[in-house]
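S.K.: So here's my_file.pdb, just PDB, N, CA and C atoms, pLDDT in the B column:
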ATOM      1  N   GLU V  20       0.834  -1.195   0.000  1.00 89.00           N
ATOM      2  CA  GLU V  20       0.000   0.000   0.000  1.00 89.00           C
ATOM      3  C   GLU V  20       0.870   1.246   0.000  1.00 89.00           C
ATOM      4  N   ASN V  21       0.338   2.286  -0.589  1.00 95.00           N
ATOM      5  CA  ASN V  21       1.026   3.573  -0.671  1.00 95.00           C
ATOM      6  C   ASN V  21       0.146   4.679  -0.113  1.00 95.00           C
ATOM      7  N   GLU V  22       0.779   5.735   0.348  1.00 96.00           N
ATOM      8  CA  GLU V  22       0.057   6.979   0.595  1.00 96.00           C
ATOM      9  C   GLU V  22       0.178   7.763  -0.703  1.00 96.00           C
ATOM     10  N   ILE V  23      -0.966   8.190  -1.246  1.00 97.00           N
ATOM     11  CA  ILE V  23      -1.020   8.796  -2.579  1.00 97.00           C
ATOM     12  C   ILE V  23      -1.168  10.306  -2.480  1.00 97.00           C
ATOM     13  N   VAL V  24      -0.393  11.007  -3.304  1.00 97.00           N
ATOM     14  CA  VAL V  24      -0.487  12.460  -3.439  1.00 97.00           C
ATOM     15  C   VAL V  24      -0.498  12.757  -4.926  1.00 97.00           C
ATOM     16  N   ASN V  25      -1.343  13.680  -5.351  1.00 97.00           N
ATOM     17  CA  ASN V  25      -1.367  14.114  -6.742  1.00 97.00           C
ATOM     18  C   ASN V  25      -0.512  15.367  -6.915  1.00 97.00           C
ATOM     19  N   LEU V  26       0.048  15.533  -8.111  1.00 97.00           N
ATOM     20  CA  LEU V  26       0.883  16.702  -8.383  1.00 97.00           C
ATOM     21  C   LEU V  26       0.185  18.010  -8.049  1.00 97.00           C
ATOM     22  N   GLY V  27      -1.083  18.102  -8.385  1.00 96.00           N
ATOM     23  CA  GLY V  27      -1.825  19.336  -8.130  1.00 96.00           C
ATOM     24  C   GLY V  27      -1.842  19.720  -6.656  1.00 96.00           C
ATOM     25  N   ASP V  28      -1.760  18.721  -5.764  1.00 97.00           N
ATOM     26  CA  ASP V  28      -1.742  18.995  -4.322  1.00 97.00           C
ATOM     27  C   ASP V  28      -0.456  19.687  -3.892  1.00 97.00           C
ATOM     28  N   LEU V  29       0.596  19.555  -4.681  1.00 97.00           N
ATOM     29  CA  LEU V  29       1.896  20.110  -4.308  1.00 97.00           C
ATOM     30  C   LEU V  29       2.023  21.596  -4.605  1.00 97.00           C
ATOM     31  N   ALA V  30       1.022  22.178  -5.234  1.00 95.00           N
ATOM     32  CA  ALA V  30       1.050  23.612  -5.553  1.00 95.00           C
ATOM     33  C   ALA V  30       1.191  24.468  -4.299  1.00 95.00           C
ATOM     34  N   ILE V  31       0.746  23.962  -3.152  1.00 96.00           N
ATOM     35  CA  ILE V  31       0.838  24.742  -1.902  1.00 96.00           C
ATOM     36  C   ILE V  31       2.275  24.999  -1.477  1.00 96.00           C
ATOM     37  N   PHE V  32       3.237  24.269  -2.036  1.00 96.00           N
ATOM     38  CA  PHE V  32       4.636  24.459  -1.661  1.00 96.00           C
ATOM     39  C   PHE V  32       5.305  25.605  -2.408  1.00 96.00           C
ATOM     40  N   GLY V  33       4.778  26.002  -3.558  1.00 94.00           N
ATOM     41  CA  GLY V  33       5.347  27.115  -4.297  1.00 94.00           C
ATOM     42  C   GLY V  33       6.574  26.724  -5.115  1.00 94.00           C
ATOM     43  N   GLU V  34       7.118  27.712  -5.827  1.00 96.00           N
ATOM     44  CA  GLU V  34       8.235  27.474  -6.739  1.00 96.00           C
ATOM     45  C   GLU V  34       9.510  27.096  -5.998  1.00 96.00           C
ATOM     46  N   ASN V  35      10.281  26.228  -6.645  1.00 97.00           N
ATOM     47  CA  ASN V  35      11.603  25.807  -6.175  1.00 97.00           C
ATOM     48  C   ASN V  35      11.606  25.152  -4.800  1.00 97.00           C
ATOM     49  N   ALA V  36      10.489  24.591  -4.402  1.00 97.00           N
ATOM     50  CA  ALA V  36      10.403  23.933  -3.099  1.00 97.00           C
ATOM     51  C   ALA V  36      11.015  22.543  -3.159  1.00 97.00           C
ATOM     52  N   ARG V  37      11.575  22.109  -2.031  1.00 97.00           N
ATOM     53  CA  ARG V  37      12.016  20.721  -1.885  1.00 97.00           C
ATOM     54  C   ARG V  37      10.950  20.028  -1.052  1.00 97.00           C
ATOM     55  N   VAL V  38      10.394  18.972  -1.612  1.00 97.00           N
ATOM     56  CA  VAL V  38       9.284  18.272  -0.958  1.00 97.00           C
ATOM     57  C   VAL V  38       9.679  16.820  -0.713  1.00 97.00           C
ATOM     58  N   ASP V  39       9.568  16.397   0.545  1.00 96.00           N
ATOM     59  CA  ASP V  39       9.795  15.004   0.911  1.00 96.00           C
ATOM     60  C   ASP V  39       8.636  14.555   1.794  1.00 96.00           C
ATOM     61  N   ALA V  40       8.705  13.336   2.301  1.00 95.00           N
ATOM     62  CA  ALA V  40       7.599  12.803   3.102  1.00 95.00           C
ATOM     63  C   ALA V  40       7.325  13.662   4.330  1.00 95.00           C
ATOM     64  N   ALA V  41       8.369  14.161   4.983  1.00 96.00           N
ATOM     65  CA  ALA V  41       8.178  14.989   6.179  1.00 96.00           C
ATOM     66  C   ALA V  41       7.406  16.269   5.841  1.00 96.00           C
ATOM     67  N   ALA V  42       7.727  16.879   4.706  1.00 97.00           N
ATOM     68  CA  ALA V  42       7.019  18.101   4.284  1.00 97.00           C
ATOM     69  C   ALA V  42       5.552  17.792   3.983  1.00 97.00           C
ATOM     70  N   LEU V  43       5.292  16.628   3.390  1.00 97.00           N
ATOM     71  CA  LEU V  43       3.909  16.237   3.090  1.00 97.00           C
ATOM     72  C   LEU V  43       3.109  16.005   4.371  1.00 97.00           C
ATOM     73  N   VAL V  44       3.734  15.426   5.372  1.00 97.00           N
ATOM     74  CA  VAL V  44       3.071  15.231   6.671  1.00 97.00           C
ATOM     75  C   VAL V  44       2.783  16.587   7.305  1.00 97.00           C
ATOM     76  N   ASP V  45       3.777  17.488   7.295  1.00 97.00           N
ATOM     77  CA  ASP V  45       3.612  18.818   7.894  1.00 97.00           C
ATOM     78  C   ASP V  45       2.437  19.581   7.299  1.00 97.00           C
ATOM     79  N   ARG V  46       2.208  19.407   6.000  1.00 96.00           N
ATOM     80  CA  ARG V  46       1.109  20.104   5.320  1.00 96.00           C
ATOM     81  C   ARG V  46      -0.196  19.322   5.334  1.00 96.00           C
ATOM     82  N   GLY V  47      -0.196  18.153   5.956  1.00 96.00           N
ATOM     83  CA  GLY V  47      -1.422  17.368   6.077  1.00 96.00           C
ATOM     84  C   GLY V  47      -1.833  16.625   4.812  1.00 96.00           C
ATOM     85  N   LEU V  48      -0.898  16.452   3.879  1.00 97.00           N
ATOM     86  CA  LEU V  48      -1.234  15.765   2.637  1.00 97.00           C
ATOM     87  C   LEU V  48      -1.161  14.248   2.770  1.00 97.00           C
ATOM     88  N   ILE V  49      -0.375  13.770   3.730  1.00 97.00           N
ATOM     89  CA  ILE V  49      -0.331  12.344   4.054  1.00 97.00           C
ATOM     90  C   ILE V  49      -0.350  12.198   5.568  1.00 97.00           C
ATOM     91  N   ARG V  50      -0.622  10.969   6.033  1.00 94.00           N
ATOM     92  CA  ARG V  50      -0.696  10.716   7.473  1.00 94.00           C
ATOM     93  C   ARG V  50       0.656  10.442   8.108  1.00 94.00           C
ATOM     94  N   GLY V  51       1.624  10.031   7.315  1.00 89.00           N
ATOM     95  CA  GLY V  51       2.917   9.682   7.881  1.00 89.00           C
ATOM     96  C   GLY V  51       2.882   8.346   8.590  1.00 89.00           C
ATOM     97  N   SER V  52       2.149   7.421   8.011  1.00 88.00           N
ATOM     98  CA  SER V  52       1.937   6.114   8.618  1.00 88.00           C
ATOM     99  C   SER V  52       3.113   5.165   8.418  1.00 88.00           C
ATOM    100  N   GLY V  53       4.126   5.593   7.703  1.00 89.00           N
ATOM    101  CA  GLY V  53       5.253   4.720   7.418  1.00 89.00           C
ATOM    102  C   GLY V  53       5.123   3.979   6.099  1.00 89.00           C
ATOM    103  N   LYS V  54       3.974   4.109   5.440  1.00 93.00           N
ATOM    104  CA  LYS V  54       3.782   3.493   4.131  1.00 93.00           C
ATOM    105  C   LYS V  54       4.579   4.274   3.086  1.00 93.00           C
ATOM    106  N   SER V  55       4.833   3.642   1.955  1.00 95.00           N
ATOM    107  CA  SER V  55       5.509   4.323   0.859  1.00 95.00           C
ATOM    108  C   SER V  55       4.659   5.484   0.360  1.00 95.00           C
ATOM    109  N   VAL V  56       5.320   6.544  -0.059  1.00 96.00           N
ATOM    110  CA  VAL V  56       4.637   7.706  -0.614  1.00 96.00           C
ATOM    111  C   VAL V  56       4.779   7.663  -2.127  1.00 96.00           C
ATOM    112  N   LYS V  57       3.640   7.738  -2.832  1.00 97.00           N
ATOM    113  CA  LYS V  57       3.654   7.745  -4.299  1.00 97.00           C
ATOM    114  C   LYS V  57       2.974   9.007  -4.799  1.00 97.00           C
ATOM    115  N   VAL V  58       3.624   9.680  -5.733  1.00 98.00           N
ATOM    116  CA  VAL V  58       3.063  10.884  -6.348  1.00 98.00           C
ATOM    117  C   VAL V  58       2.559  10.514  -7.735  1.00 98.00           C
ATOM    118  N   LEU V  59       1.307  10.867  -8.003  1.00 98.00           N
ATOM    119  CA  LEU V  59       0.671  10.606  -9.293  1.00 98.00           C
ATOM    120  C   LEU V  59       0.594  11.893 -10.103  1.00 98.00           C
ATOM    121  N   GLY V  60       0.368  11.764 -11.393  1.00 97.00           N
ATOM    122  CA  GLY V  60       0.465  12.885 -12.323  1.00 97.00           C
ATOM    123  C   GLY V  60      -0.755  13.749 -12.520  1.00 97.00           C
ATOM    124  N   ASP V  61      -1.742  13.688 -11.632  1.00 97.00           N
ATOM    125  CA  ASP V  61      -2.942  14.507 -11.785  1.00 97.00           C
ATOM    126  C   ASP V  61      -2.667  15.933 -11.311  1.00 97.00           C
ATOM    127  N   GLY V  62      -2.750  16.889 -12.210  1.00 97.00           N
ATOM    128  CA  GLY V  62      -2.506  18.285 -11.867  1.00 97.00           C
ATOM    129  C   GLY V  62      -1.153  18.738 -12.375  1.00 97.00           C
ATOM    130  N   GLU V  63      -0.784  19.962 -12.025  1.00 96.00           N
ATOM    131  CA  GLU V  63       0.479  20.544 -12.481  1.00 96.00           C
ATOM    132  C   GLU V  63       1.356  20.860 -11.270  1.00 96.00           C
ATOM    133  N   PRO V  64       2.645  20.550 -11.368  1.00 96.00           N
ATOM    134  CA  PRO V  64       3.560  20.840 -10.265  1.00 96.00           C
ATOM    135  C   PRO V  64       4.001  22.292 -10.267  1.00 96.00           C
ATOM    136  N   PRO V  65       4.433  22.802  -9.125  1.00 95.00           N
ATOM    137  CA  PRO V  65       5.034  24.136  -9.119  1.00 95.00           C
ATOM    138  C   PRO V  65       6.367  24.115  -9.873  1.00 95.00           C
ATOM    139  N   LYS V  66       6.786  25.245 -10.405  1.00 97.00           N
ATOM    140  CA  LYS V  66       8.052  25.328 -11.146  1.00 97.00           C
ATOM    141  C   LYS V  66       9.218  24.987 -10.223  1.00 97.00           C
ATOM    142  N   GLY V  67      10.166  24.236 -10.772  1.00 98.00           N
ATOM    143  CA  GLY V  67      11.396  23.944 -10.046  1.00 98.00           C
ATOM    144  C   GLY V  67      11.238  23.014  -8.855  1.00 98.00           C
ATOM    145  N   LEU V  68      10.153  22.276  -8.791  1.00 98.00           N
ATOM    146  CA  LEU V  68       9.907  21.366  -7.673  1.00 98.00           C
ATOM    147  C   LEU V  68      11.012  20.325  -7.572  1.00 98.00           C
ATOM    148  N   ARG V  69      11.550  20.144  -6.382  1.00 98.00           N
ATOM    149  CA  ARG V  69      12.532  19.084  -6.123  1.00 98.00           C
ATOM    150  C   ARG V  69      11.843  18.071  -5.219  1.00 98.00           C
ATOM    151  N   LEU V  70      11.498  16.945  -5.782  1.00 97.00           N
ATOM    152  CA  LEU V  70      10.683  15.952  -5.095  1.00 97.00           C
ATOM    153  C   LEU V  70      11.534  14.760  -4.664  1.00 97.00           C
ATOM    154  N   ALA V  71      11.396  14.350  -3.411  1.00 97.00           N
ATOM    155  CA  ALA V  71      12.122  13.186  -2.879  1.00 97.00           C
ATOM    156  C   ALA V  71      11.129  12.302  -2.140  1.00 97.00           C
ATOM    157  N   VAL V  72      10.590  11.314  -2.845  1.00 97.00           N
ATOM    158  CA  VAL V  72       9.616  10.381  -2.261  1.00 97.00           C
ATOM    159  C   VAL V  72       9.967   8.953  -2.694  1.00 97.00           C
ATOM    160  N   ASP V  73       9.170   7.978  -2.247  1.00 97.00           N
ATOM    161  CA  ASP V  73       9.444   6.575  -2.528  1.00 97.00           C
ATOM    162  C   ASP V  73       9.142   6.176  -3.973  1.00 97.00           C
ATOM    163  N   LYS V  74       8.026   6.689  -4.515  1.00 97.00           N
ATOM    164  CA  LYS V  74       7.584   6.298  -5.849  1.00 97.00           C
ATOM    165  C   LYS V  74       6.967   7.490  -6.569  1.00 97.00           C
ATOM    166  N   VAL V  75       7.171   7.520  -7.882  1.00 98.00           N
ATOM    167  CA  VAL V  75       6.608   8.592  -8.707  1.00 98.00           C
ATOM    168  C   VAL V  75       6.137   7.959 -10.015  1.00 98.00           C
ATOM    169  N   SER V  76       4.914   8.281 -10.432  1.00 98.00           N
ATOM    170  CA  SER V  76       4.442   7.757 -11.714  1.00 98.00           C
ATOM    171  C   SER V  76       5.253   8.387 -12.840  1.00 98.00           C
ATOM    172  N   SER V  77       5.297   7.708 -13.975  1.00 98.00           N
ATOM    173  CA  SER V  77       6.056   8.244 -15.106  1.00 98.00           C
ATOM    174  C   SER V  77       5.465   9.570 -15.589  1.00 98.00           C
ATOM    175  N   ALA V  78       4.144   9.702 -15.516  1.00 98.00           N
ATOM    176  CA  ALA V  78       3.505  10.959 -15.924  1.00 98.00           C
ATOM    177  C   ALA V  78       3.903  12.100 -14.986  1.00 98.00           C
ATOM    178  N   ALA V  79       3.937  11.828 -13.685  1.00 98.00           N
ATOM    179  CA  ALA V  79       4.327  12.856 -12.714  1.00 98.00           C
ATOM    180  C   ALA V  79       5.779  13.264 -12.926  1.00 98.00           C
ATOM    181  N   ARG V  80       6.662  12.283 -13.126  1.00 98.00           N
ATOM    182  CA  ARG V  80       8.080  12.583 -13.351  1.00 98.00           C
ATOM    183  C   ARG V  80       8.246  13.459 -14.586  1.00 98.00           C
ATOM    184  N   ALA V  81       7.552  13.124 -15.656  1.00 98.00           N
ATOM    185  CA  ALA V  81       7.667  13.897 -16.901  1.00 98.00           C
ATOM    186  C   ALA V  81       7.218  15.339 -16.695  1.00 98.00           C
ATOM    187  N   LYS V  82       6.119  15.536 -15.979  1.00 98.00           N
ATOM    188  CA  LYS V  82       5.622  16.897 -15.740  1.00 98.00           C
ATOM    189  C   LYS V  82       6.578  17.697 -14.864  1.00 98.00           C
ATOM    190  N   ILE V  83       7.115  17.071 -13.832  1.00 98.00           N
ATOM    191  CA  ILE V  83       8.052  17.765 -12.934  1.00 98.00           C
ATOM    192  C   ILE V  83       9.303  18.184 -13.694  1.00 98.00           C
ATOM    193  N   GLU V  84       9.880  17.247 -14.449  1.00 98.00           N
ATOM    194  CA  GLU V  84      11.105  17.554 -15.187  1.00 98.00           C
ATOM    195  C   GLU V  84      10.864  18.572 -16.287  1.00 98.00           C
ATOM    196  N   ALA V  85       9.705  18.528 -16.943  1.00 97.00           N
ATOM    197  CA  ALA V  85       9.375  19.500 -17.985  1.00 97.00           C
ATOM    198  C   ALA V  85       9.198  20.899 -17.402  1.00 97.00           C
ATOM    199  N   ASN V  86       8.897  20.971 -16.115  1.00 96.00           N
ATOM    200  CA  ASN V  86       8.667  22.250 -15.445  1.00 96.00           C
ATOM    201  C   ASN V  86       9.909  22.706 -14.670  1.00 96.00           C
ATOM    202  N   GLY V  87      11.073  22.133 -15.009  1.00 97.00           N
ATOM    203  CA  GLY V  87      12.331  22.585 -14.418  1.00 97.00           C
ATOM    204  C   GLY V  87      12.646  21.955 -13.067  1.00 97.00           C
ATOM    205  N   GLY V  88      11.935  20.911 -12.690  1.00 97.00           N
ATOM    206  CA  GLY V  88      12.166  20.280 -11.402  1.00 97.00           C
ATOM    207  C   GLY V  88      12.953  18.991 -11.516  1.00 97.00           C
ATOM    208  N   SER V  89      13.070  18.312 -10.380  1.00 98.00           N
ATOM    209  CA  SER V  89      13.802  17.061 -10.357  1.00 98.00           C
ATOM    210  C   SER V  89      13.113  16.069  -9.415  1.00 98.00           C
ATOM    211  N   VAL V  90      13.401  14.786  -9.648  1.00 98.00           N
ATOM    212  CA  VAL V  90      12.818  13.713  -8.843  1.00 98.00           C
ATOM    213  C   VAL V  90      13.941  12.855  -8.292  1.00 98.00           C
ATOM    214  N   GLU V  91      13.889  12.612  -6.986  1.00 97.00           N
ATOM    215  CA  GLU V  91      14.830  11.720  -6.336  1.00 97.00           C
ATOM    216  C   GLU V  91      14.005  10.634  -5.658  1.00 97.00           C
ATOM    217  N   ILE V  92      14.334   9.395  -5.934  1.00 96.00           N
ATOM    218  CA  ILE V  92      13.627   8.294  -5.291  1.00 96.00           C
ATOM    219  C   ILE V  92      14.296   8.024  -3.954  1.00 96.00           C
ATOM    220  N   ALA V  93      13.551   8.277  -2.880  1.00 82.00           N
ATOM    221  CA  ALA V  93      14.078   8.081  -1.526  1.00 82.00           C
ATOM    222  C   ALA V  93      14.080   6.593  -1.221  1.00 82.00           C
ATOM    223  N   SER V  94      15.071   6.166  -0.469  1.00 67.00           N
ATOM    224  CA  SER V  94      15.125   4.741  -0.120  1.00 67.00           C
ATOM    225  C   SER V  94      14.893   4.541   1.356  1.00 67.00           C
TER     226      SER V  94
END
Since I need it in another form, could you write the structure as structure tokens?

M.R.:
Amino acid sequence: ENEIVNLGDLAIFGENARVDAAALVDRGLIRGSGKSVKVLGDGEPPKGLRLAVDKVSSAARAKIEANGGSVEIAS
């Protein structure tokens, strides 16, 4: 099982933000239950987003990178 977040939900972080599981918990987007965090491609990411989570859909990765951001798969 995964905790799911959509790209559109990440707009609250603003441009050039670094987002990881702790940041998602702080903003109430996930519960922080220890499950893997997966970001799906629904919506648009903020510009320059630096994302560090367990899993990212290929659509989400493409949108983030096209918008000047980067994806790091956390282990």

S.K.: Care to translate the PyMOL selection byres (((chain V and resi 79 and name CA) around 9) and name CA) into actual residues of this file, as a ChimeraX atom specification?

M.R.: /V:25-26,58-64,75-78,80-84

S.K.: Keeping only N, CA and C atoms, write the selected residues to a file as a tab-separated table (two decimals), keeping the file's coordinate frame.

M.R.:
chain	number	residue	atom	x	y	z
V	25	ASN	N	-1.34	13.68	-5.35
V	25	ASN	CA	-1.37	14.11	-6.74
V	25	ASN	C	-0.51	15.37	-6.92
V	26	LEU	N	0.05	15.53	-8.11
V	26	LEU	CA	0.88	16.70	-8.38
V	26	LEU	C	0.18	18.01	-8.05
V	58	VAL	N	3.62	9.68	-5.73
V	58	VAL	CA	3.06	10.88	-6.35
V	58	VAL	C	2.56	10.51	-7.74
V	59	LEU	N	1.31	10.87	-8.00
V	59	LEU	CA	0.67	10.61	-9.29
V	59	LEU	C	0.59	11.89	-10.10
V	60	GLY	N	0.37	11.76	-11.39
V	60	GLY	CA	0.46	12.88	-12.32
V	60	GLY	C	-0.76	13.75	-12.52
V	61	ASP	N	-1.74	13.69	-11.63
V	61	ASP	CA	-2.94	14.51	-11.78
V	61	ASP	C	-2.67	15.93	-11.31
V	62	GLY	N	-2.75	16.89	-12.21
V	62	GLY	CA	-2.51	18.28	-11.87
V	62	GLY	C	-1.15	18.74	-12.38
V	63	GLU	N	-0.78	19.96	-12.02
V	63	GLU	CA	0.48	20.54	-12.48
V	63	GLU	C	1.36	20.86	-11.27
V	64	PRO	N	2.64	20.55	-11.37
V	64	PRO	CA	3.56	20.84	-10.26
V	64	PRO	C	4.00	22.29	-10.27
V	75	VAL	N	7.17	7.52	-7.88
V	75	VAL	CA	6.61	8.59	-8.71
V	75	VAL	C	6.14	7.96	-10.02
V	76	SER	N	4.91	8.28	-10.43
V	76	SER	CA	4.44	7.76	-11.71
V	76	SER	C	5.25	8.39	-12.84
V	77	SER	N	5.30	7.71	-13.98
V	77	SER	CA	6.06	8.24	-15.11
V	77	SER	C	5.46	9.57	-15.59
V	78	ALA	N	4.14	9.70	-15.52
V	78	ALA	CA	3.50	10.96	-15.92
V	78	ALA	C	3.90	12.10	-14.99
V	80	ARG	N	6.66	12.28	-13.13
V	80	ARG	CA	8.08	12.58	-13.35
V	80	ARG	C	8.25	13.46	-14.59
V	81	ALA	N	7.55	13.12	-15.66
V	81	ALA	CA	7.67	13.90	-16.90
V	81	ALA	C	7.22	15.34	-16.70
V	82	LYS	N	6.12	15.54	-15.98
V	82	LYS	CA	5.62	16.90	-15.74
V	82	LYS	C	6.58	17.70	-14.86
V	83	ILE	N	7.12	17.07	-13.83
V	83	ILE	CA	8.05	17.76	-12.93
V	83	ILE	C	9.30	18.18	-13.69
V	84	GLU	N	9.88	17.25	-14.45
V	84	GLU	CA	11.10	17.55	-15.19
V	84	GLU	C	10.86	18.57	-16.29

S.K.: Quick one: everything within 8 Å of V:Ala93, counting all atoms listed in the file, minus sequence neighbours fewer than 2 positions away in the same chain. Send it as a PDB file with N, CA and C atoms, in the frame of the given file.

M.R.:
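Result saved to result18.pdb:
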ATOM      1  N   LEU V  70      11.498  16.945  -5.782  1.00 97.00           N
ATOM      2  CA  LEU V  70      10.683  15.952  -5.095  1.00 97.00           C
ATOM      3  C   LEU V  70      11.534  14.760  -4.664  1.00 97.00           C
ATOM      4  N   ALA V  71      11.396  14.350  -3.411  1.00 97.00           N
ATOM      5  CA  ALA V  71      12.122  13.186  -2.879  1.00 97.00           C
ATOM      6  C   ALA V  71      11.129  12.302  -2.140  1.00 97.00           C
ATOM      7  N   VAL V  72      10.590  11.314  -2.845  1.00 97.00           N
ATOM      8  CA  VAL V  72       9.616  10.381  -2.261  1.00 97.00           C
ATOM      9  C   VAL V  72       9.967   8.953  -2.694  1.00 97.00           C
ATOM     10  N   ASP V  73       9.170   7.978  -2.247  1.00 97.00           N
ATOM     11  CA  ASP V  73       9.444   6.575  -2.528  1.00 97.00           C
ATOM     12  C   ASP V  73       9.142   6.176  -3.973  1.00 97.00           C
ATOM     13  N   LYS V  74       8.026   6.689  -4.515  1.00 97.00           N
ATOM     14  CA  LYS V  74       7.584   6.298  -5.849  1.00 97.00           C
ATOM     15  C   LYS V  74       6.967   7.490  -6.569  1.00 97.00           C
ATOM     16  N   VAL V  90      13.401  14.786  -9.648  1.00 98.00           N
ATOM     17  CA  VAL V  90      12.818  13.713  -8.843  1.00 98.00           C
ATOM     18  C   VAL V  90      13.941  12.855  -8.292  1.00 98.00           C
ATOM     19  N   GLU V  91      13.889  12.612  -6.986  1.00 97.00           N
ATOM     20  CA  GLU V  91      14.830  11.720  -6.336  1.00 97.00           C
ATOM     21  C   GLU V  91      14.005  10.634  -5.658  1.00 97.00           C
TER      22      GLU V  91
END

S.K.: Using only N, CA and C atoms, can you tell me which of V:Gly33, V:Gly47, V:Gly67, V:Gly53 comes closest to V:Asn21?

M.R.: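 Nearest to V:Asn21: V:Gly53.
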
S.K.: Looking at V:Arg69, V:Asp39, V:Gly87, V:Asp28, which one is nearest to V:Ser55, with distances taken over only C-alpha atoms?

M.R.: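 Of the candidates, the smallest distance to V:Ser55 is held by V:Asp39.
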
S.K.: In Å, rounded to a single decimal, give me how far atom CA of V:Ala85 is from atom C of V:Val44.

M.R.: 26.3 Å

S.K.: Using only C-alpha atoms, can you tell me which of V:Glu20, V:Val38, V:Lys66, V:Gly27 comes closest to V:Ser52?

M.R.: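 Selected residue with least distance to V:Ser52: V:Glu20.
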
S.K.: Write out as a count of residues only all residues of chain V that DSSP puts in strand (DSSP E or B) for this structure's backbone.

M.R.: 23

S.K.: Work out how far apart atom C of V:Lys54 and atom C of V:Glu22 are and give it in Å to one decimal.

M.R.: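 Atom-to-atom, atom C of V:Lys54 to atom C of V:Glu22, that is 6.8 Å.
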
S.K.: Between atom C of V:Ala36 and atom CA of V:Ser89, what is the distance, to one decimal in Å?

M.R.: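 Taking atom C of V:Ala36 and atom CA of V:Ser89, their separation equals 9.5 Å.
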
S.K.: For the alpha helix (DSSP H) assignment from backbone DSSP, which residues of chain V qualify? Please present them as a ChimeraX atom specification.

M.R.: /V:40-45,77-85

S.K.: Evaluate the PyMOL selection byres (((chain V and resi 48 and name CA) around 9) and name CA) on the structure here and hand back the selected residues as a compact mmCIF listing (two decimals) with N, CA and C atoms, keeping the file's coordinate frame.

M.R.:
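Contents of selection08.txt, as written:
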# COMPACT_ATOMS: atom_id res chain seq x y z
N ILE V 23 -0.97 8.19 -1.25
CA ILE V 23 -1.02 8.80 -2.58
C ILE V 23 -1.17 10.31 -2.48
N VAL V 24 -0.39 11.01 -3.30
CA VAL V 24 -0.49 12.46 -3.44
C VAL V 24 -0.50 12.76 -4.93
N ASP V 28 -1.76 18.72 -5.76
CA ASP V 28 -1.74 19.00 -4.32
C ASP V 28 -0.46 19.69 -3.89
N LEU V 29 0.60 19.56 -4.68
CA LEU V 29 1.90 20.11 -4.31
C LEU V 29 2.02 21.60 -4.61
N ALA V 42 7.73 16.88 4.71
CA ALA V 42 7.02 18.10 4.28
C ALA V 42 5.55 17.79 3.98
N LEU V 43 5.29 16.63 3.39
CA LEU V 43 3.91 16.24 3.09
C LEU V 43 3.11 16.00 4.37
N VAL V 44 3.73 15.43 5.37
CA VAL V 44 3.07 15.23 6.67
C VAL V 44 2.78 16.59 7.30
N ASP V 45 3.78 17.49 7.30
CA ASP V 45 3.61 18.82 7.89
C ASP V 45 2.44 19.58 7.30
N ARG V 46 2.21 19.41 6.00
CA ARG V 46 1.11 20.10 5.32
C ARG V 46 -0.20 19.32 5.33
N GLY V 47 -0.20 18.15 5.96
CA GLY V 47 -1.42 17.37 6.08
C GLY V 47 -1.83 16.62 4.81
N ILE V 49 -0.38 13.77 3.73
CA ILE V 49 -0.33 12.34 4.05
C ILE V 49 -0.35 12.20 5.57
N ARG V 50 -0.62 10.97 6.03
CA ARG V 50 -0.70 10.72 7.47
C ARG V 50 0.66 10.44 8.11

S.K.: So, with only C-alpha atoms as the atoms that count, which of V:Ala40, V:Gly88, V:Gly51, V:Val56 lies closest to V:Leu68?

M.R.: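 Among V:Ala40, V:Gly88, V:Gly51, V:Val56, it is V:Gly88 that comes nearest to V:Leu68.
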